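Working notes for the structure below.
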Amino acid sequence: MQYYFPPMAKLNHHFSKLSGNYLFPEIEKRVADYRQKTPHCKLMDLGIGDITQPLPASAVAALAGAALEMGKQGAFRGYGPSEGYSFLREAIASVEYAGLEIDPSEIFISDGAQSDIANFQELFDIDNRIAIPDPTYPVYLDSNVIAGRTRALLKTGRHGGVTYLPCTEENEFKPQVPTIPIDLIYLCSPNNPTGTAMDRKLLKQWVDYAKENNAILLLDGAYSAFITDPDAPQSIFEIEGAREVAVEFRTFSKSAGFTGLRCSYTVVPKGLKIYDFGSIHSLHALWNRRHATKFNGVAYPIQRAAAALFTPQGQKEVKALVSSYLERARLFRQGLANLGYTVYGGQDSPYLWCKTPPKVSSWNFFDYLLQSHQIVSIPGSGFGHAGEGFIRFSAFADSSALGEALQRLKSG
């Protein structure tokens with residue numbers, strides 16, 4: 001017997017390769033189940049990396065002023081340039097990249113670093129081999145899985161066709177340069193979730209590797225403003241030769257509290273090239289074309305708010321905000337260490353990477369913290385296999401919540 005299947009819309013079957021549950025919705029489900037069972041609980045949320053302090057005053061004033069402009073005849077603005085207004089791109093180039101020869105035209109304004117990181121892989125053939133740190137933020141892998149750049153799951157649970165760069169205690173949670181050729185390499189400094197920043201020597205090794213192998217480095221610098229180590233560059237473009245091989249993604253979400261406003265930027269140097277059967281193309285031109293095709297720009301008031309962050313007063317406010325979160329991280333790390341926990345990070349990042357007790361898995365420790373102490377964390381295994389045996393704490397929480405969490409851990 002033969003079956004007839006009429007023409008129909010077909011699923012992108014690569015979605016079936018994704019793990020069953022995305023990390024953060026699974027956490028939300030477990031927390032919601034616990035709340036339902038214990039409706040009067042007082043949870044200390046040290047998990048998701050959302051900010052808790054209000055926007056800097058300079059950004060608020062600029063946001064309000066720009067909103068008022070939009071209500072005046074002759075001042076109203078409709079669609080803006082998809083790549084961002086020149087006043088913001090120029091401000092970023094002159095302050096964030098002072099002395100690094102980054103031209104404003106090489107900066108693209110967007111609605112979030114996660115969006116650009118997920119979308120940038122569209123410029124590359126699916127045959128390119130990728131490398132990602134392990135553990136690391138899930139979007140690097142998942143966007144490539146959806147695109148079809150990975151192969152079937154292995155027995156280990158990892159994806160075939162991917163080179164994993166272990167970030168462990170043994171290598172200080174820093175991804176080491178591989179001995180095999182890779183085409184697209186995702187890096188993150190400071191790393192989310194381990195909170196570790198890459199030093200100048202290691203970044204130079206990565207730049208040299210990329211040049212030797214005609215590879216592209218995609219560096220997620222979402223938390224670059226938190227770097228305090230003088231030997232850890234805040235931008236990969238501080239490294240000689242990086243303009244020839246690297247793209248950098250940054251955001252205002254964590255450094256200035258823009259998680260609810262949505263504004264970020266991506267730096268694509270004009271000298272960065274990509275190859276196609278002997279032809280050479282400008283990656284900058286390709287991203288510009290893709291950006292113009294699929295993105296209509298960030299709202300004018302939000303870009304005005306972002307630009308205000310680069311004024312002298314705005315810079316002062318941002319630095320105070322970042323310093324306050326780093327101080328919370330320092331105190332919480334010290335408190336955990338005093339309680340006998342092995343903990344990393346919290347010095348160049350607002351995240352702390354805490355080791356679970358012996359023979360206790362990440363998810364089991366997550367459940368223990370939730371059910372016994374009403375503390376929400378992030379299980380390390382959700383960031384990759386090498387994250388097993390760790391959990392991530394966020395120091396973005398209120399100081400009172402961090403103090404209360406330490407008291408609960410101490411009492412239990």
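We name chains A, B, ... following the order of the structure tokens; residues begin at 1 in each chain, and ligands are numbered from 1 as shown.
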Using only C-alpha atoms, find each residue in segment 11-118 of chain A having at least one atom no more than 12 Å away from segment 360-365 of chain A; report its shortest atom-to-atom pair and that distance in Å (one decimal), rows by chain then rising number, as a Markdown table.
```
| residue | atom | partner | partner_atom | distance |
| --- | --- | --- | --- | --- |
| A:Leu23 | CA | A:Trp363 | CA | 11.1 |
| A:Glu26 | CA | A:Trp363 | CA | 10.9 |
| A:Ile27 | CA | A:Trp363 | CA | 9.8 |
| A:Arg30 | CA | A:Trp363 | CA | 10.7 |
```
Produce a file of the selected residues containing C-alpha atoms, as a PDB file, in the first residue's frame.
```pdb
ATOM      1  CA  LEU A  23      17.894  26.525  30.209  1.00  0.00           C
ATOM      2  CA  GLU A  26      13.263  25.151  32.614  1.00  0.00           C
ATOM      3  CA  ILE A  27      14.462  27.128  35.630  1.00  0.00           C
ATOM      4  CA  ARG A  30      10.892  24.631  38.522  1.00  0.00           C
TER       5      ARG A  30
END
```
Could you build a table of the residues in segment 285-323 of chain A lying no more than 9 Å from segment 43-62 of chain A, giving for each the nearest pair of atoms and their separation in Å rounded to one decimal place, using only C-alpha atoms, ordered by chain and ascending residue number, as a Markdown table?
```
| residue | atom | partner | partner_atom | distance |
| --- | --- | --- | --- | --- |
| A:Pro301 | CA | A:Ala62 | CA | 7.4 |
| A:Ile302 | CA | A:Ala62 | CA | 8.5 |
| A:Arg304 | CA | A:Ala62 | CA | 5.8 |
| A:Ala305 | CA | A:Ala59 | CA | 4.3 |
| A:Ala306 | CA | A:Ala59 | CA | 6.4 |
| A:Ala307 | CA | A:Ala59 | CA | 7.9 |
| A:Ala308 | CA | A:Ala59 | CA | 5.5 |
| A:Leu309 | CA | A:Ala59 | CA | 6.3 |
| A:Thr311 | CA | A:Ser58 | CA | 8.4 |
| A:Gln313 | CA | A:Ser58 | CA | 7.0 |
| A:Gly314 | CA | A:Ser58 | CA | 5.5 |
| A:Glu317 | CA | A:Pro56 | CA | 5.9 |
| A:Val318 | CA | A:Pro56 | CA | 6.9 |
| A:Leu321 | CA | A:Gln53 | CA | 7.9 |
```
Residue neighbourhood segment 79-87 of chain A, 8 Å, only C-alpha atoms, exclusion window fewer than 6 positions, as a VMD selection string | chain A and resid 104 107 to 110 288 291 to 292 295 to 300 303 307
Running DSSP on the backbone, which parts of segment 122-269 of chain A land in alpha helix (DSSP H), as a list in words?
->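 Going through segment 122-269 of chain A, the alpha helix (DSSP H) residues come out as Val139, Tyr140, Leu141, Asp142, Ser143, Asn144, Val145, Ile146, Ala147, Arg200, Lys201, Leu202, Leu203, Lys204, Gln205, Trp206, Val207, Asp208, Tyr209, Ala210, Lys211, Glu212, Asn213, Ser253, Lys254, Ser255 and Ala256 of chain A.
All residues of protein, DNA or RNA that reach within 10 Å of Val322 of chain A, judged by only C-alpha atoms and not counting those fewer than 3 positions away in the chain, are Tyr223, Ala225, Phe226, Ile227, Lys254, Ser255, Ala256, Gly257, Glu317, Val318, Lys319, Tyr325, Leu326, Glu327, Ser349, Pro350 and Phe396 of chain A.
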May I have the residues from that selection written out with N, CA and C atoms, as a short mmCIF file (atom, residue, chain, number, x, y, z; two decimals), in the first residue's frame?
```
data_model
loop_
_atom_site.label_atom_id
_atom_site.label_comp_id
_atom_site.auth_asym_id
_atom_site.auth_seq_id
_atom_site.Cartn_x
_atom_site.Cartn_y
_atom_site.Cartn_z
N TYR A 223 30.04 41.88 28.91
CA TYR A 223 30.39 42.29 30.28
C TYR A 223 31.76 42.97 30.33
N ALA A 225 32.67 45.96 30.45
CA ALA A 225 32.77 47.10 31.36
C ALA A 225 33.15 46.68 32.78
N PHE A 226 33.00 45.40 33.08
CA PHE A 226 33.27 44.91 34.44
C PHE A 226 34.72 44.46 34.63
N ILE A 227 35.50 44.45 33.57
CA ILE A 227 36.89 43.99 33.66
C ILE A 227 37.73 45.00 34.45
N LYS A 254 23.88 45.46 30.74
CA LYS A 254 24.38 45.21 32.08
C LYS A 254 25.18 46.39 32.63
N SER A 255 25.91 47.08 31.78
CA SER A 255 26.73 48.19 32.27
C SER A 255 25.90 49.42 32.59
N ALA A 256 24.73 49.58 31.93
CA ALA A 256 23.92 50.78 32.14
C ALA A 256 22.45 50.48 32.40
N GLY A 257 22.12 49.21 32.62
CA GLY A 257 20.75 48.87 32.99
C GLY A 257 19.74 48.93 31.86
N GLU A 317 28.43 58.02 35.92
CA GLU A 317 27.29 57.25 36.43
C GLU A 317 27.42 55.77 36.09
N VAL A 318 27.87 55.47 34.88
CA VAL A 318 28.05 54.07 34.47
C VAL A 318 29.11 53.40 35.33
N LYS A 319 30.22 54.08 35.54
CA LYS A 319 31.30 53.51 36.35
C LYS A 319 30.85 53.26 37.78
N TYR A 325 28.00 46.87 41.47
CA TYR A 325 27.75 45.44 41.25
C TYR A 325 29.01 44.62 41.54
N LEU A 326 30.16 45.14 41.18
CA LEU A 326 31.41 44.42 41.47
C LEU A 326 31.66 44.32 42.97
N GLU A 327 31.29 45.35 43.71
CA GLU A 327 31.45 45.30 45.16
C GLU A 327 30.52 44.25 45.76
N SER A 349 33.69 40.34 36.68
CA SER A 349 32.35 40.00 36.20
C SER A 349 31.39 40.00 37.39
N PRO A 350 30.12 40.23 37.15
CA PRO A 350 29.13 40.16 38.23
C PRO A 350 28.68 38.74 38.55
N PHE A 396 23.91 40.71 40.53
CA PHE A 396 23.04 41.82 40.16
C PHE A 396 21.91 41.99 41.17
#
```
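Between Pro269 of chain A and the residues A:Pro25, A:Gly241, A:Gly99, A:Gly78, the shortest atom-to-atom distance, using only C-alpha atoms, involves A:Gly241.
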DSSP on the backbone, then: every residue of segment 135-282 of chain A marked strand (DSSP E or B), written as a CSV table (one decimal) with C-alpha atoms, in the first residue's frame.
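Written out: result_13.csv:
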```
chain,number,residue,atom,x,y,z
A,153,LEU,CA,23.8,14.4,18.8
A,159,HIS,CA,26.6,18.0,19.0
A,162,VAL,CA,31.3,21.2,16.9
A,163,THR,CA,34.7,21.7,18.6
A,164,TYR,CA,34.2,22.3,22.3
A,165,LEU,CA,36.8,24.4,24.1
A,166,PRO,CA,36.9,23.2,27.7
A,184,LEU,CA,34.2,30.3,13.2
A,185,ILE,CA,35.3,30.7,16.9
A,186,TYR,CA,33.0,32.1,19.6
A,187,LEU,CA,34.8,33.7,22.5
A,188,CYS,CA,33.4,35.4,25.5
A,216,ILE,CA,36.9,34.5,12.2
A,217,LEU,CA,36.7,35.3,15.9
A,218,LEU,CA,33.3,36.3,17.2
A,219,LEU,CA,33.9,37.9,20.6
A,220,ASP,CA,31.0,38.5,23.0
A,246,ALA,CA,37.6,39.7,14.8
A,247,VAL,CA,34.0,40.9,15.3
A,248,GLU,CA,33.0,42.3,18.7
A,249,PHE,CA,29.5,42.4,20.3
A,250,ARG,CA,28.7,44.7,23.1
A,251,THR,CA,25.6,45.8,24.9
A,264,SER,CA,23.6,47.1,21.8
A,265,TYR,CA,26.2,47.4,19.1
A,266,THR,CA,28.4,45.2,16.9
A,267,VAL,CA,31.8,46.2,15.6
A,273,LYS,CA,37.4,39.5,4.7
A,274,ILE,CA,35.5,36.3,4.0
A,275,TYR,CA,36.2,33.7,1.3
A,276,ASP,CA,33.9,32.1,-1.2
A,279,SER,CA,36.5,35.1,-4.2
A,280,ILE,CA,37.1,37.6,-1.4
A,281,HIS,CA,34.3,39.5,0.2
A,282,SER,CA,34.0,42.3,2.8
```
How many Å lie between atom CA of Arg392 of chain A and atom CA of Lys42 of chain A, rounded to one decimal?
->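 So the answer is 19.9 Å.
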Of the candidates A:Ala320, A:Val376, A:Ala232, A:Ile132, which shows the shortest atom-to-atom distance to Gln347 of chain A, using only C-alpha atoms?
->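 For Gln347 of chain A, the nearest of the candidates is A:Ala232.
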Selection near Met198 of chain A, 7 Å with only C-alpha atoms, sequence-local residues under 4 positions removed, as a PyMOL selection string | chain A and resi 174+189-190+202-203+232
Could you take the residues named above and write them with C-alpha atoms, as a short mmCIF file (atom, residue, chain, number, x, y, z; two decimals), in the first residue's frame?
```
data_model
loop_
_atom_site.label_atom_id
_atom_site.label_comp_id
_atom_site.auth_asym_id
_atom_site.auth_seq_id
_atom_site.Cartn_x
_atom_site.Cartn_y
_atom_site.Cartn_z
CA LYS A 174 40.07 30.11 29.75
CA SER A 189 35.39 37.73 27.84
CA PRO A 190 34.51 37.95 30.63
CA LEU A 202 45.83 34.41 25.38
CA LEU A 203 43.87 36.80 23.18
CA ALA A 232 42.75 41.64 30.54
#
```
Find the residue from A:Thr136, A:Gln205, A:Ser411, A:Ser324 that sits nearest to Gly380 of chain A; use only C-alpha atoms when measuring.
-> A:Thr136
Residue with the minimum atom-to-atom distance to Tyr351 of chain A, picked from A:Gln374, A:Ser94, A:Thr156, A:Asn192 with only C-alpha atoms counted, is A:Asn192
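Residue nearest Pro357 of chain A, chosen from A:Phe120, A:Phe332, A:Tyr344, A:Phe390 and counting only C-alpha atoms: A:Phe390.
Considering the residues A:Tyr97, A:Phe393, A:Tyr34, A:Tyr140 and counting only C-alpha atoms, Glu238 of chain A has its shortest atom-to-atom contact with A:Tyr97.
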